[in-house]
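S.K.: What follows is model26.tsv; its format and atoms are TSV, N, CA and C atoms.
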chain	number	residue	atom	x	y	z
A	1	MET	N	0.83	-1.19	0.00
A	1	MET	CA	0.00	0.00	0.00
A	1	MET	C	0.87	1.25	0.00
A	2	LYS	N	1.96	1.21	0.71
A	2	LYS	CA	2.85	2.37	0.77
A	2	LYS	C	3.42	2.70	-0.60
A	3	ALA	N	3.71	1.65	-1.39
A	3	ALA	CA	4.24	1.87	-2.74
A	3	ALA	C	3.22	2.59	-3.60
A	4	PHE	N	1.93	2.26	-3.46
A	4	PHE	CA	0.88	2.92	-4.23
A	4	PHE	C	0.77	4.39	-3.83
A	5	LYS	N	0.81	4.67	-2.54
A	5	LYS	CA	0.73	6.06	-2.07
A	5	LYS	C	1.90	6.87	-2.61
A	6	THR	N	3.07	6.27	-2.63
A	6	THR	CA	4.25	6.96	-3.17
A	6	THR	C	4.07	7.22	-4.66
A	7	LEU	N	3.58	6.22	-5.39
A	7	LEU	CA	3.34	6.36	-6.82
A	7	LEU	C	2.33	7.48	-7.08
A	8	LEU	N	1.25	7.51	-6.31
A	8	LEU	CA	0.23	8.54	-6.47
A	8	LEU	C	0.79	9.93	-6.14
A	9	THR	N	1.55	10.02	-5.08
A	9	THR	CA	2.16	11.30	-4.71
A	9	THR	C	3.08	11.80	-5.81
A	10	ASN	N	3.86	10.90	-6.39
A	10	ASN	CA	4.76	11.27	-7.49
A	10	ASN	C	3.97	11.68	-8.73
A	11	ALA	N	2.89	10.97	-9.02
A	11	ALA	CA	2.07	11.27	-10.20
A	11	ALA	C	1.47	12.67	-10.09
A	12	ARG	N	1.08	13.04	-8.89
A	12	ARG	CA	0.45	14.36	-8.68
A	12	ARG	C	1.40	15.53	-8.93
A	13	GLN	N	2.65	15.24	-9.10
A	13	GLN	CA	3.64	16.28	-9.38
A	13	GLN	C	3.70	16.63	-10.86
A	14	HIS	N	2.98	15.89	-11.70
A	14	HIS	CA	3.06	16.07	-13.15
A	14	HIS	C	1.74	16.59	-13.72
A	15	ASP	N	1.84	17.45	-14.70
A	15	ASP	CA	0.65	18.02	-15.35
A	15	ASP	C	-0.22	16.96	-15.99
A	16	ASP	N	0.40	15.88	-16.50
A	16	ASP	CA	-0.38	14.82	-17.14
A	16	ASP	C	-1.41	14.21	-16.19
A	17	TYR	N	-1.05	14.05	-14.94
A	17	TYR	CA	-1.98	13.51	-13.94
A	17	TYR	C	-3.21	14.41	-13.84
A	18	TRP	N	-2.99	15.72	-13.73
A	18	TRP	CA	-4.09	16.67	-13.55
A	18	TRP	C	-4.93	16.80	-14.81
A	19	ALA	N	-4.30	16.68	-15.98
A	19	ALA	CA	-5.06	16.72	-17.24
A	19	ALA	C	-5.97	15.50	-17.35
A	20	GLU	N	-5.46	14.33	-17.02
A	20	GLU	CA	-6.27	13.11	-17.07
A	20	GLU	C	-7.39	13.15	-16.05
A	21	ARG	N	-7.10	13.70	-14.89
A	21	ARG	CA	-8.12	13.83	-13.85
A	21	ARG	C	-9.25	14.74	-14.33
A	22	ALA	N	-8.90	15.86	-14.96
A	22	ALA	CA	-9.91	16.79	-15.47
A	22	ALA	C	-10.77	16.12	-16.54
A	23	LYS	N	-10.14	15.34	-17.44
A	23	LYS	CA	-10.90	14.63	-18.47
A	23	LYS	C	-11.85	13.62	-17.85
A	24	LEU	N	-11.38	12.92	-16.83
A	24	LEU	CA	-12.22	11.92	-16.15
A	24	LEU	C	-13.39	12.59	-15.47
A	25	GLU	N	-13.15	13.69	-14.76
A	25	GLU	CA	-14.24	14.40	-14.09
A	25	GLU	C	-15.27	14.91	-15.10
A	26	PHE	N	-14.79	15.44	-16.22
A	26	PHE	CA	-15.70	15.93	-17.25
A	26	PHE	C	-16.55	14.79	-17.80
A	27	SER	N	-15.91	13.67	-18.14
A	27	SER	CA	-16.66	12.56	-18.74
A	27	SER	C	-17.64	11.94	-17.75
A	28	CYS	N	-17.30	11.91	-16.47
A	28	CYS	CA	-18.22	11.38	-15.46
A	28	CYS	C	-19.46	12.28	-15.30
A	29	GLU	N	-19.24	13.58	-15.25
A	29	GLU	CA	-20.37	14.52	-15.15
A	29	GLU	C	-21.22	14.49	-16.42
A	30	LEU	N	-20.55	14.38	-17.55
A	30	LEU	CA	-21.26	14.31	-18.83
A	30	LEU	C	-22.14	13.06	-18.88
A	31	GLU	N	-21.60	11.94	-18.41
A	31	GLU	CA	-22.36	10.69	-18.37
A	31	GLU	C	-23.57	10.81	-17.45
A	32	ARG	N	-23.39	11.44	-16.30
A	32	ARG	CA	-24.50	11.62	-15.36
A	32	ARG	C	-25.62	12.44	-15.99
A	33	LEU	N	-25.26	13.54	-16.65
A	33	LEU	CA	-26.27	14.39	-17.29
A	33	LEU	C	-26.88	13.72	-18.52
A	34	ARG	N	-26.09	12.92	-19.23
A	34	ARG	CA	-26.62	12.19	-20.39
A	34	ARG	C	-27.73	11.25	-19.94
A	35	LYS	N	-27.49	10.55	-18.85
A	35	LYS	CA	-28.51	9.63	-18.31
A	35	LYS	C	-29.74	10.39	-17.84
A	36	LEU	N	-29.53	11.53	-17.16
A	36	LEU	CA	-30.66	12.34	-16.71
A	36	LEU	C	-31.50	12.83	-17.88
A	37	ALA	N	-30.83	13.13	-19.00
A	37	ALA	CA	-31.54	13.61	-20.19
A	37	ALA	C	-32.17	12.46	-20.96
A	38	GLY	N	-31.87	11.23	-20.57
A	38	GLY	CA	-32.46	10.07	-21.25
A	38	GLY	C	-31.90	9.85	-22.65
A	39	LEU	N	-30.65	10.27	-22.87
A	39	LEU	CA	-30.04	10.14	-24.19
A	39	LEU	C	-29.13	8.92	-24.28
A	40	LYS	N	-29.20	8.24	-25.40
A	40	LYS	CA	-28.24	7.17	-25.70
A	40	LYS	C	-27.06	7.83	-26.43
A	41	TYR	N	-25.94	7.11	-26.51
A	41	TYR	CA	-24.77	7.66	-27.21
A	41	TYR	C	-25.12	8.03	-28.65
A	42	ALA	N	-25.91	7.19	-29.31
A	42	ALA	CA	-26.30	7.47	-30.70
A	42	ALA	C	-27.14	8.74	-30.78
A	43	ASP	N	-28.04	8.94	-29.81
A	43	ASP	CA	-28.85	10.17	-29.76
A	43	ASP	C	-27.97	11.40	-29.61
A	44	LEU	N	-26.99	11.28	-28.73
A	44	LEU	CA	-26.08	12.40	-28.49
A	44	LEU	C	-25.25	12.69	-29.73
A	45	ALA	N	-24.80	11.65	-30.41
A	45	ALA	CA	-24.02	11.83	-31.65
A	45	ALA	C	-24.85	12.57	-32.70
A	46	ARG	N	-26.12	12.17	-32.85
A	46	ARG	CA	-27.01	12.85	-33.81
A	46	ARG	C	-27.20	14.30	-33.42
A	47	LYS	N	-27.41	14.55	-32.15
A	47	LYS	CA	-27.63	15.91	-31.67
A	47	LYS	C	-26.41	16.80	-31.93
A	48	LEU	N	-25.22	16.21	-31.84
A	48	LEU	CA	-23.97	16.95	-32.03
A	48	LEU	C	-23.51	16.96	-33.48
A	49	GLY	N	-24.10	16.11	-34.31
A	49	GLY	CA	-23.67	16.01	-35.70
A	49	GLY	C	-22.32	15.34	-35.84
A	50	THR	N	-22.07	14.35	-35.00
A	50	THR	CA	-20.80	13.63	-35.04
A	50	THR	C	-21.05	12.13	-35.00
A	51	SER	N	-20.01	11.35	-35.03
A	51	SER	CA	-20.17	9.88	-35.06
A	51	SER	C	-20.32	9.32	-33.65
A	52	PRO	N	-21.06	8.21	-33.53
A	52	PRO	CA	-21.14	7.54	-32.23
A	52	PRO	C	-19.76	7.10	-31.71
A	53	ALA	N	-18.86	6.77	-32.63
A	53	ALA	CA	-17.50	6.37	-32.22
A	53	ALA	C	-16.78	7.51	-31.51
A	54	TYR	N	-16.95	8.73	-32.01
A	54	TYR	CA	-16.31	9.89	-31.38
A	54	TYR	C	-16.92	10.14	-30.00
A	55	VAL	N	-18.24	10.01	-29.89
A	55	VAL	CA	-18.91	10.20	-28.60
A	55	VAL	C	-18.37	9.18	-27.60
A	56	THR	N	-18.23	7.94	-28.01
A	56	THR	CA	-17.68	6.90	-27.14
A	56	THR	C	-16.26	7.25	-26.71
A	57	LYS	N	-15.47	7.76	-27.63
A	57	LYS	CA	-14.10	8.16	-27.34
A	57	LYS	C	-14.07	9.26	-26.26
A	58	VAL	N	-14.98	10.21	-26.36
A	58	VAL	CA	-15.06	11.28	-25.36
A	58	VAL	C	-15.42	10.70	-23.99
A	59	PHE	N	-16.40	9.81	-23.95
A	59	PHE	CA	-16.83	9.24	-22.67
A	59	PHE	C	-15.77	8.34	-22.05
A	60	ARG	N	-14.90	7.77	-22.86
A	60	ARG	CA	-13.79	6.97	-22.33
A	60	ARG	C	-12.67	7.86	-21.82
A	61	GLY	N	-12.71	9.14	-22.15
A	61	GLY	CA	-11.66	10.06	-21.74
A	61	GLY	C	-10.46	10.02	-22.67
A	62	ASP	N	-10.65	9.48	-23.88
A	62	ASP	CA	-9.55	9.34	-24.83
A	62	ASP	C	-9.39	10.53	-25.76
A	63	ALA	N	-10.27	11.51	-25.66
A	63	ALA	CA	-10.21	12.66	-26.56
A	63	ALA	C	-9.59	13.85	-25.84
A	64	ASN	N	-8.77	14.59	-26.56
A	64	ASN	CA	-8.20	15.82	-26.03
A	64	ASN	C	-9.13	16.96	-26.48
A	65	LEU	N	-10.03	17.36	-25.61
A	65	LEU	CA	-11.11	18.27	-25.97
A	65	LEU	C	-10.75	19.73	-25.85
A	66	SER	N	-11.25	20.51	-26.78
A	66	SER	CA	-11.15	21.96	-26.66
A	66	SER	C	-12.30	22.44	-25.76
A	67	ILE	N	-12.18	23.65	-25.28
A	67	ILE	CA	-13.27	24.21	-24.47
A	67	ILE	C	-14.54	24.29	-25.30
A	68	GLU	N	-14.42	24.64	-26.57
A	68	GLU	CA	-15.60	24.72	-27.45
A	68	GLU	C	-16.31	23.38	-27.54
A	69	THR	N	-15.54	22.29	-27.68
A	69	THR	CA	-16.15	20.96	-27.77
A	69	THR	C	-16.80	20.58	-26.44
A	70	MET	N	-16.15	20.92	-25.35
A	70	MET	CA	-16.74	20.63	-24.03
A	70	MET	C	-18.06	21.38	-23.86
A	71	VAL	N	-18.11	22.61	-24.33
A	71	VAL	CA	-19.36	23.39	-24.27
A	71	VAL	C	-20.44	22.72	-25.11
A	72	LYS	N	-20.11	22.29	-26.31
A	72	LYS	CA	-21.10	21.63	-27.19
A	72	LYS	C	-21.65	20.37	-26.53
A	73	PHE	N	-20.77	19.54	-25.98
A	73	PHE	CA	-21.23	18.32	-25.32
A	73	PHE	C	-22.09	18.66	-24.11
A	74	SER	N	-21.67	19.64	-23.32
A	74	SER	CA	-22.42	20.02	-22.13
A	74	SER	C	-23.82	20.50	-22.48
A	75	ARG	N	-23.91	21.36	-23.48
A	75	ARG	CA	-25.21	21.88	-23.89
A	75	ARG	C	-26.09	20.79	-24.49
A	76	ALA	N	-25.49	19.81	-25.15
A	76	ALA	CA	-26.26	18.73	-25.77
A	76	ALA	C	-26.95	17.85	-24.73
A	77	VAL	N	-26.43	17.83	-23.50
A	77	VAL	CA	-27.07	17.06	-22.43
A	77	VAL	C	-27.80	18.00	-21.45
A	78	ASP	N	-28.14	19.18	-21.95
A	78	ASP	CA	-28.85	20.19	-21.15
A	78	ASP	C	-28.04	20.65	-19.94
A	79	GLY	N	-26.74	20.75	-20.13
A	79	GLY	CA	-25.86	21.20	-19.06
A	79	GLY	C	-25.16	22.50	-19.44
A	80	GLU	N	-24.31	22.94	-18.55
A	80	GLU	CA	-23.55	24.17	-18.75
A	80	GLU	C	-22.14	23.91	-18.24
A	81	LEU	N	-21.14	24.17	-19.08
A	81	LEU	CA	-19.75	23.97	-18.68
A	81	LEU	C	-19.32	25.09	-17.76
A	82	ARG	N	-18.71	24.71	-16.65
A	82	ARG	CA	-18.15	25.69	-15.72
A	82	ARG	C	-16.71	25.27	-15.43
A	83	ILE	N	-15.81	26.20	-15.54
A	83	ILE	CA	-14.40	25.92	-15.28
A	83	ILE	C	-14.00	26.68	-14.03
A	84	HIS	N	-13.27	26.01	-13.17
A	84	HIS	CA	-12.93	26.59	-11.86
A	84	HIS	C	-11.47	26.31	-11.56
A	85	ILE	N	-10.74	27.33	-11.16
A	85	ILE	CA	-9.37	27.17	-10.71
A	85	ILE	C	-9.36	27.43	-9.21
A	86	ALA	N	-8.83	26.47	-8.46
A	86	ALA	CA	-8.81	26.58	-7.00
A	86	ALA	C	-7.37	26.57	-6.49
A	87	PRO	N	-7.15	27.19	-5.36
A	87	PRO	CA	-5.81	27.11	-4.77
A	87	PRO	C	-5.46	25.65	-4.45
A	88	GLN	N	-4.18	25.34	-4.54
A	88	GLN	CA	-3.75	23.97	-4.22
A	88	GLN	C	-4.08	23.66	-2.77
A	89	ASN	N	-4.27	22.39	-2.50
A	89	ASN	CA	-4.54	21.88	-1.15
A	89	ASN	C	-5.86	22.38	-0.57
A	90	THR	N	-6.82	22.63	-1.46
A	90	THR	CA	-8.17	22.98	-1.01
A	90	THR	C	-9.14	21.97	-1.59
A	91	VAL	N	-10.33	21.93	-1.04
A	91	VAL	CA	-11.38	21.05	-1.54
A	91	VAL	C	-12.50	21.93	-2.07
A	92	THR	N	-12.96	21.64	-3.27
A	92	THR	CA	-14.07	22.38	-3.86
A	92	THR	C	-15.33	21.52	-3.77
A	93	ARG	N	-16.40	22.12	-3.34
A	93	ARG	CA	-17.70	21.43	-3.29
A	93	ARG	C	-18.67	22.26	-4.12
A	94	TRP	N	-19.31	21.60	-5.09
A	94	TRP	CA	-20.25	22.28	-5.98
A	94	TRP	C	-21.66	22.00	-5.51
A	95	TYR	N	-22.45	23.03	-5.45
A	95	TYR	CA	-23.87	22.90	-5.13
A	95	TYR	C	-24.65	23.66	-6.19
A	96	ASP	N	-25.44	22.96	-6.95
A	96	ASP	CA	-26.25	23.60	-7.97
A	96	ASP	C	-27.59	23.98	-7.36
A	97	VAL	N	-27.99	25.21	-7.57
A	97	VAL	CA	-29.25	25.72	-7.07
A	97	VAL	C	-30.05	26.20	-8.27
A	98	ILE	N	-31.27	25.73	-8.39
A	98	ILE	CA	-32.12	26.13	-9.49
A	98	ILE	C	-32.69	27.51	-9.20
A	99	ASP	N	-32.50	28.42	-10.13
A	99	ASP	CA	-32.98	29.80	-10.00
A	99	ASP	C	-34.48	29.81	-10.29
A	100	THR	N	-35.29	30.02	-9.26
A	100	THR	CA	-36.74	29.99	-9.44
A	100	THR	C	-37.25	31.19	-10.24
A	101	GLN	N	-36.43	32.22	-10.37
A	101	GLN	CA	-36.84	33.36	-11.18
A	101	GLN	C	-36.89	32.98	-12.65
A	102	LYS	N	-36.09	32.00	-13.05
A	102	LYS	CA	-36.01	31.57	-14.45
A	102	LYS	C	-36.52	30.14	-14.61
A	103	GLU	N	-37.17	29.63	-13.59
A	103	GLU	CA	-37.56	28.22	-13.56
A	103	GLU	C	-38.55	27.88	-14.66
A	104	ASP	N	-38.28	26.77	-15.33
A	104	ASP	CA	-39.25	26.25	-16.29
A	104	ASP	C	-40.06	25.17	-15.58
A	105	PRO	N	-41.16	24.73	-16.15
A	105	PRO	CA	-42.04	23.78	-15.45
A	105	PRO	C	-41.37	22.46	-15.07
A	106	SER	N	-40.32	22.06	-15.79
A	106	SER	CA	-39.70	20.77	-15.50
A	106	SER	C	-38.56	20.88	-14.49
A	107	ALA	N	-38.26	22.07	-13.97
A	107	ALA	CA	-37.11	22.25	-13.10
A	107	ALA	C	-37.20	21.41	-11.83
A	108	ARG	N	-38.37	21.39	-11.20
A	108	ARG	CA	-38.51	20.60	-9.97
A	108	ARG	C	-38.35	19.12	-10.24
A	109	GLN	N	-38.88	18.65	-11.36
A	109	GLN	CA	-38.70	17.23	-11.70
A	109	GLN	C	-37.23	16.93	-11.98
A	110	TRP	N	-36.54	17.85	-12.68
A	110	TRP	CA	-35.11	17.67	-12.95
A	110	TRP	C	-34.34	17.57	-11.65
A	111	ALA	N	-34.64	18.45	-10.69
A	111	ALA	CA	-33.94	18.43	-9.41
A	111	ALA	C	-34.18	17.12	-8.69
A	112	HIS	N	-35.42	16.62	-8.73
A	112	HIS	CA	-35.74	15.36	-8.10
A	112	HIS	C	-34.94	14.22	-8.73
A	113	LEU	N	-34.90	14.16	-10.06
A	113	LEU	CA	-34.14	13.12	-10.75
A	113	LEU	C	-32.65	13.25	-10.47
A	114	ALA	N	-32.15	14.46	-10.45
A	114	ALA	CA	-30.72	14.67	-10.18
A	114	ALA	C	-30.36	14.20	-8.77
A	115	ASN	N	-31.23	14.48	-7.82
A	115	ASN	CA	-30.96	14.05	-6.45
A	115	ASN	C	-30.94	12.54	-6.33
A	116	GLU	N	-31.76	11.85	-7.10
A	116	GLU	CA	-31.76	10.39	-7.09
A	116	GLU	C	-30.46	9.83	-7.64
A	117	GLN	N	-29.84	10.53	-8.59
A	117	GLN	CA	-28.61	10.07	-9.23
A	117	GLN	C	-27.37	10.34	-8.40
A	118	ARG	N	-27.40	11.35	-7.55
A	118	ARG	CA	-26.20	11.76	-6.81
A	118	ARG	C	-26.14	11.08	-5.46
A	119	ASN	N	-24.94	10.82	-5.01
A	119	ASN	CA	-24.75	10.21	-3.70
A	119	ASN	C	-24.34	11.22	-2.64
A	120	ASP	N	-24.08	12.46	-3.06
A	120	ASP	CA	-23.64	13.46	-2.10
A	120	ASP	C	-24.76	14.47	-1.85
A	121	ALA	N	-24.43	15.72	-1.69
A	121	ALA	CA	-25.40	16.73	-1.30
A	121	ALA	C	-26.52	16.88	-2.32
A	122	PRO	N	-27.75	17.08	-1.88
A	122	PRO	CA	-28.88	17.25	-2.79
A	122	PRO	C	-28.82	18.59	-3.52
A	123	ILE	N	-29.50	18.62	-4.63
A	123	ILE	CA	-29.67	19.87	-5.37
A	123	ILE	C	-30.83	20.61	-4.72
A	124	THR	N	-30.65	21.88	-4.46
A	124	THR	CA	-31.63	22.68	-3.75
A	124	THR	C	-32.35	23.61	-4.70
A	125	ILE	N	-33.61	23.79	-4.51
A	125	ILE	CA	-34.39	24.75	-5.29
A	125	ILE	C	-34.61	25.96	-4.41
A	126	ALA	N	-34.09	27.10	-4.85
A	126	ALA	CA	-34.23	28.34	-4.07
A	126	ALA	C	-35.67	28.82	-4.10
A	127	ALA	N	-36.14	29.32	-3.00
A	127	ALA	CA	-37.52	29.81	-2.92
A	127	ALA	C	-37.59	31.26	-3.27
Let me see the file written as structure tokens.
M.R.:
Amino acid sequence: MKAFKTLLTNARQHDDYWAERAKLEFSCELERLRKLAGLKYADLARKLGTSPAYVTKVFRGDANLSIETMVKFSRAVDGELRIHIAPQNTVTRWYDVIDTQKEDPSARQWAHLANEQRNDAPITIAA
């Protein structure tokens, strides 16, 4: 176990580790929203005007994505790309709050479905 911790500590010293981590986080969130939207990979490919093979490559984390491509994928699953830079040695916790001033009729149902999918803090609807 100590050897693994040392390996991980050493890996964290390299930009490649952080780039792969960012790709993994993006693809995991994208997958969560894809499921919430009820889209299959083929549906997403059609919506984006690309091949199902490319969509699969993105979800595997094998694609080196531009910000523009990340925005397109995010919007295709009814999401919004947000990029955040945090100081080292801090923990970031994201809490999405639905703006009731702009709420559409399906917002409460979306929040309910999202809460069922997440294992951490619930999504809150502001009053």
S.K.: A:Arg75, A:Asp99, A:Thr50, A:Lys23: which is nearest Ala63 (chain A), counting only N, CA and C atoms?
M.R.: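 Using only N, CA and C atoms, the shortest distance to Ala63 (chain A) belongs to A:Lys23.
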S.K.: Find the nearest atom pair between each residue of region 14-75 of chain A and region 80-85 of chain A for residues within 7 Å, count only N, CA and C atoms, give distances in Å to one decimal, sort rows by chain and ascending number, and present the table as CSV.
M.R.:
residue,atom,partner,partner_atom,distance
A:Met70,C,A:Leu81,CA,6.0
A:Val71,CA,A:Leu81,N,5.5
A:Ser74,C,A:Glu80,N,4.7
A:Arg75,N,A:Glu80,N,5.2
S.K.: One decimal, in Å: what's the spacing between CA of Val58 (chain A) and CA of Arg12 (chain A)?
M.R.: 23.0 Å
S.K.: Closest to Cys28 (chain A) among A:Phe59, A:Pro52, A:Leu7, A:His14, using only C-alpha atoms?
M.R.: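 Selected residue with least distance to Cys28 (chain A): A:Phe59.
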